[in-house]
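First up is the structure itself, then whatever we jot down about it.
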Amino acid sequence: MRIGAHERIGTHARSAPDARLDPDARLDPDDLGVYLVADAATAGERPLEDIVAAAVAGGVRTIQLRCKDLPAKEFLRHAIACAEITAGRAHLLLNDRVDVYLAAVAAGASVQGVHVGQKDLPAHSVRQLIGPDAVLGLSASTEEDRTRLLRLPAGTVDYVGTGAVRATPTKKDHPTPIGWDGFGRFAAAVRAAGGPPCVAIGGVGHGDAADARAAGAAGFAVVRAICTAEDPAAAARQLRDEWEAAA
């Protein structure tokens, strides 16, 4: 399953990031730099589609839709609508719901994969369901999580979301915060074992790019920094500038 090549994004305006995504690549780690978790609960009355369009306009290259409190039918509707916006411009991943991902693919939507946690379906089972070409992200932060991750066959997981770096109100069941030191130790151990890149998540946002880079992060995942910003596109551009400046 590859990223669609069409340009149409419905009624949402956008400005182009530097380049279109490589249609032959499953996931370029460079696309993880600024990673948006577009969370329906955090968005409130603001349409998810508007947030996603703004993030793409601001240069975000990986977006995860998180709709934990919505019925599957509503999640699917958002996934299909957002896929029109992101097609060829950003990786669109769905949180937890492999069934919604498969339904979106069956409907012809340009969705690239799923992100699952430790309490969801096992990563190896998810890979079997979504196939070899889809993107699979996995939340992992403890030594036990890392052990299970590194026992998986190479290529099962494309990236790891590691945290929470700090406590965050956007995910009530987040793991115990590990700070940048804990993140750095986890990422270094995964990297040393030849594992996938790690993305920092949990209470991170503006001003964190340098610490994330220093800790060995392939990127940092934000929620409120874009979803609740007065100007989400400008917030996304600023985050991207901060990430690139910290290189």
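Residue numbering restarts at 1 in every chain; chains get A, B, ... in the order shown in the structure tokens, and ligands count up from 1 in that same order.
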Residues of region 21-49 of chain A that approach region 193-204 of chain A to 10 Å or less, counting only C-alpha atoms: could you list each one with the shortest pair of atoms and its distance in Å to one decimal, rows by chain and increasing residue number, as JSON lines?
```
{"residue": "A:Pro29", "atom": "CA", "partner": "A:Pro197", "partner_atom": "CA", "distance": 7.1}
{"residue": "A:Leu32", "atom": "CA", "partner": "A:Val199", "partner_atom": "CA", "distance": 7.3}
{"residue": "A:Gly33", "atom": "CA", "partner": "A:Val199", "partner_atom": "CA", "distance": 8.1}
{"residue": "A:Val34", "atom": "CA", "partner": "A:Val199", "partner_atom": "CA", "distance": 9.2}
{"residue": "A:Tyr35", "atom": "CA", "partner": "A:Val199", "partner_atom": "CA", "distance": 8.3}
{"residue": "A:Val37", "atom": "CA", "partner": "A:Ile201", "partner_atom": "CA", "distance": 9.5}
```
So which residues of region 11-225 of chain A fall under alpha helix (DSSP H) by DSSP, listed as a PyMOL selection string?
chain A and resi 40-43+48-57+72-86+98-106+123-130+143-151+179-192+209-214+224-225
Within 10 Å of region 219-231 of chain A, which residues of region 24-61 of chain A show up? Give each one with its shortest atom-to-atom distance in Å (one decimal) and the two atoms involved, counting only C-alpha atoms, rows by chain then rising residue number, as JSON lines.
```
{"residue": "A:Pro29", "atom": "CA", "partner": "A:Gly219", "partner_atom": "CA", "distance": 8.4}
{"residue": "A:Asp30", "atom": "CA", "partner": "A:Gly219", "partner_atom": "CA", "distance": 8.1}
{"residue": "A:Asp31", "atom": "CA", "partner": "A:Gly219", "partner_atom": "CA", "distance": 8.3}
{"residue": "A:Leu32", "atom": "CA", "partner": "A:Gly219", "partner_atom": "CA", "distance": 5.0}
{"residue": "A:Gly33", "atom": "CA", "partner": "A:Gly219", "partner_atom": "CA", "distance": 3.7}
{"residue": "A:Val34", "atom": "CA", "partner": "A:Phe220", "partner_atom": "CA", "distance": 5.6}
{"residue": "A:Tyr35", "atom": "CA", "partner": "A:Ala221", "partner_atom": "CA", "distance": 4.4}
{"residue": "A:Leu36", "atom": "CA", "partner": "A:Val222", "partner_atom": "CA", "distance": 5.2}
{"residue": "A:Val37", "atom": "CA", "partner": "A:Val223", "partner_atom": "CA", "distance": 5.2}
{"residue": "A:Ala38", "atom": "CA", "partner": "A:Val223", "partner_atom": "CA", "distance": 6.3}
{"residue": "A:Asp39", "atom": "CA", "partner": "A:Val223", "partner_atom": "CA", "distance": 6.8}
{"residue": "A:Ala40", "atom": "CA", "partner": "A:Cys227", "partner_atom": "CA", "distance": 9.0}
{"residue": "A:Ala41", "atom": "CA", "partner": "A:Cys227", "partner_atom": "CA", "distance": 9.9}
{"residue": "A:Thr42", "atom": "CA", "partner": "A:Cys227", "partner_atom": "CA", "distance": 6.7}
{"residue": "A:Ala43", "atom": "CA", "partner": "A:Cys227", "partner_atom": "CA", "distance": 5.5}
{"residue": "A:Gly44", "atom": "CA", "partner": "A:Thr228", "partner_atom": "CA", "distance": 8.7}
{"residue": "A:Arg46", "atom": "CA", "partner": "A:Cys227", "partner_atom": "CA", "distance": 8.4}
{"residue": "A:Pro47", "atom": "CA", "partner": "A:Cys227", "partner_atom": "CA", "distance": 9.8}
{"residue": "A:Leu48", "atom": "CA", "partner": "A:Cys227", "partner_atom": "CA", "distance": 8.5}
{"residue": "A:Asp50", "atom": "CA", "partner": "A:Cys227", "partner_atom": "CA", "distance": 9.6}
{"residue": "A:Ile51", "atom": "CA", "partner": "A:Cys227", "partner_atom": "CA", "distance": 6.3}
{"residue": "A:Val52", "atom": "CA", "partner": "A:Cys227", "partner_atom": "CA", "distance": 8.9}
{"residue": "A:Ala54", "atom": "CA", "partner": "A:Asp231", "partner_atom": "CA", "distance": 8.2}
{"residue": "A:Ala55", "atom": "CA", "partner": "A:Ile226", "partner_atom": "CA", "distance": 7.4}
```
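When only C-alpha atoms are used to measure the gap to Leu92 (chain A), the shortest distance among A:Val60, A:Val116, A:Leu70, A:Ala188 belongs to A:Val60.
Counting only C-alpha atoms, Arg20 (chain A) has the following residues at most 9 Å away, ignoring those fewer than 6 positions along the same chain: Gly88, Arg89 and Ala90 of chain A.
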Just to be explicit: take each residue in the selection above, keep C-alpha atoms, and write the result as an mmCIF file, in the first residue's frame.
```
data_model
loop_
_atom_site.group_PDB
_atom_site.id
_atom_site.type_symbol
_atom_site.label_atom_id
_atom_site.label_comp_id
_atom_site.auth_asym_id
_atom_site.auth_seq_id
_atom_site.Cartn_x
_atom_site.Cartn_y
_atom_site.Cartn_z
ATOM 1 C CA GLY A 88 1.214 12.408 -1.245
ATOM 2 C CA ARG A 89 2.054 15.094 1.329
ATOM 3 C CA ALA A 90 2.206 13.341 4.686
#
```
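Going from CA of Arg185 (chain A) to CA of Ala134 (chain A) covers 28.2 Å.
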Pull the closest atom pair for each residue of region 55-75 of chain A that gets at most 12 Å from region 159-177 of chain A, along with the distance in Å to one decimal, counting only C-alpha atoms, ordering rows by chain and then ascending residue number, as a tab-separated table.
```
residue	atom	partner	partner_atom	distance
A:Thr62	CA	A:Tyr159	CA	11.6
A:Gln64	CA	A:Gly161	CA	11.4
A:Arg66	CA	A:Lys171	CA	10.3
A:Cys67	CA	A:Lys171	CA	11.6
A:Lys68	CA	A:Lys171	CA	10.0
A:Asp69	CA	A:Lys171	CA	11.9
```
Mind dumping the selected residues with all heavy atoms as a PDB file, in the first residue's frame?
```pdb
ATOM      1  N   THR A  62       4.211  13.555   9.145  1.00  0.00           N
ATOM      2  CA  THR A  62       3.585  12.358   9.705  1.00  0.00           C
ATOM      3  C   THR A  62       2.491  12.791  10.664  1.00  0.00           C
ATOM      4  O   THR A  62       2.731  13.592  11.572  1.00  0.00           O
ATOM      5  CB  THR A  62       4.612  11.470  10.438  1.00  0.00           C
ATOM      6  OG1 THR A  62       5.660  11.106   9.539  1.00  0.00           O
ATOM      7  CG2 THR A  62       3.953  10.202  10.951  1.00  0.00           C
ATOM      8  N   GLN A  64      -0.855  11.285  12.971  1.00  0.00           N
ATOM      9  CA  GLN A  64      -1.629  10.171  13.527  1.00  0.00           C
ATOM     10  C   GLN A  64      -2.992  10.694  13.964  1.00  0.00           C
ATOM     11  O   GLN A  64      -3.072  11.673  14.713  1.00  0.00           O
ATOM     12  CB  GLN A  64      -0.900   9.572  14.738  1.00  0.00           C
ATOM     13  CG  GLN A  64      -1.636   8.442  15.410  1.00  0.00           C
ATOM     14  CD  GLN A  64      -1.052   8.077  16.768  1.00  0.00           C
ATOM     15  OE1 GLN A  64      -1.774   7.732  17.703  1.00  0.00           O
ATOM     16  NE2 GLN A  64       0.269   8.159  16.905  1.00  0.00           N
ATOM     17  N   ARG A  66      -6.082  10.253  16.265  1.00  0.00           N
ATOM     18  CA  ARG A  66      -6.439   9.564  17.503  1.00  0.00           C
ATOM     19  C   ARG A  66      -7.871   9.943  17.865  1.00  0.00           C
ATOM     20  O   ARG A  66      -8.147  11.092  18.214  1.00  0.00           O
ATOM     21  CB  ARG A  66      -5.476   9.933  18.630  1.00  0.00           C
ATOM     22  CG  ARG A  66      -5.676   9.095  19.887  1.00  0.00           C
ATOM     23  CD  ARG A  66      -4.486   9.215  20.830  1.00  0.00           C
ATOM     24  NE  ARG A  66      -4.411  10.506  21.469  1.00  0.00           N
ATOM     25  CZ  ARG A  66      -3.366  10.913  22.215  1.00  0.00           C
ATOM     26  NH1 ARG A  66      -2.309  10.117  22.362  1.00  0.00           N
ATOM     27  NH2 ARG A  66      -3.357  12.100  22.772  1.00  0.00           N
ATOM     28  N   CYS A  67      -8.772   8.975  17.782  1.00  0.00           N
ATOM     29  CA  CYS A  67     -10.208   9.210  18.010  1.00  0.00           C
ATOM     30  C   CYS A  67     -10.736   8.174  18.985  1.00  0.00           C
ATOM     31  O   CYS A  67     -11.654   7.400  18.671  1.00  0.00           O
ATOM     32  CB  CYS A  67     -10.969   9.144  16.683  1.00  0.00           C
ATOM     33  SG  CYS A  67     -10.428  10.317  15.436  1.00  0.00           S
ATOM     34  N   LYS A  68     -10.174   8.140  20.162  1.00  0.00           N
ATOM     35  CA  LYS A  68     -10.468   7.076  21.120  1.00  0.00           C
ATOM     36  C   LYS A  68     -11.930   7.035  21.555  1.00  0.00           C
ATOM     37  O   LYS A  68     -12.450   5.967  21.879  1.00  0.00           O
ATOM     38  CB  LYS A  68      -9.551   7.211  22.344  1.00  0.00           C
ATOM     39  CG  LYS A  68      -8.118   6.799  22.070  1.00  0.00           C
ATOM     40  CD  LYS A  68      -7.302   6.783  23.346  1.00  0.00           C
ATOM     41  CE  LYS A  68      -5.884   6.274  23.111  1.00  0.00           C
ATOM     42  NZ  LYS A  68      -5.862   4.846  22.757  1.00  0.00           N
ATOM     43  N   ASP A  69     -12.595   8.191  21.594  1.00  0.00           N
ATOM     44  CA  ASP A  69     -13.961   8.237  22.115  1.00  0.00           C
ATOM     45  C   ASP A  69     -15.017   8.265  21.021  1.00  0.00           C
ATOM     46  O   ASP A  69     -16.207   8.405  21.325  1.00  0.00           O
ATOM     47  CB  ASP A  69     -14.124   9.469  23.015  1.00  0.00           C
ATOM     48  CG  ASP A  69     -13.204   9.415  24.230  1.00  0.00           C
ATOM     49  OD1 ASP A  69     -12.952   8.302  24.722  1.00  0.00           O
ATOM     50  OD2 ASP A  69     -12.748  10.485  24.673  1.00  0.00           O
TER      51      ASP A  69
END
```
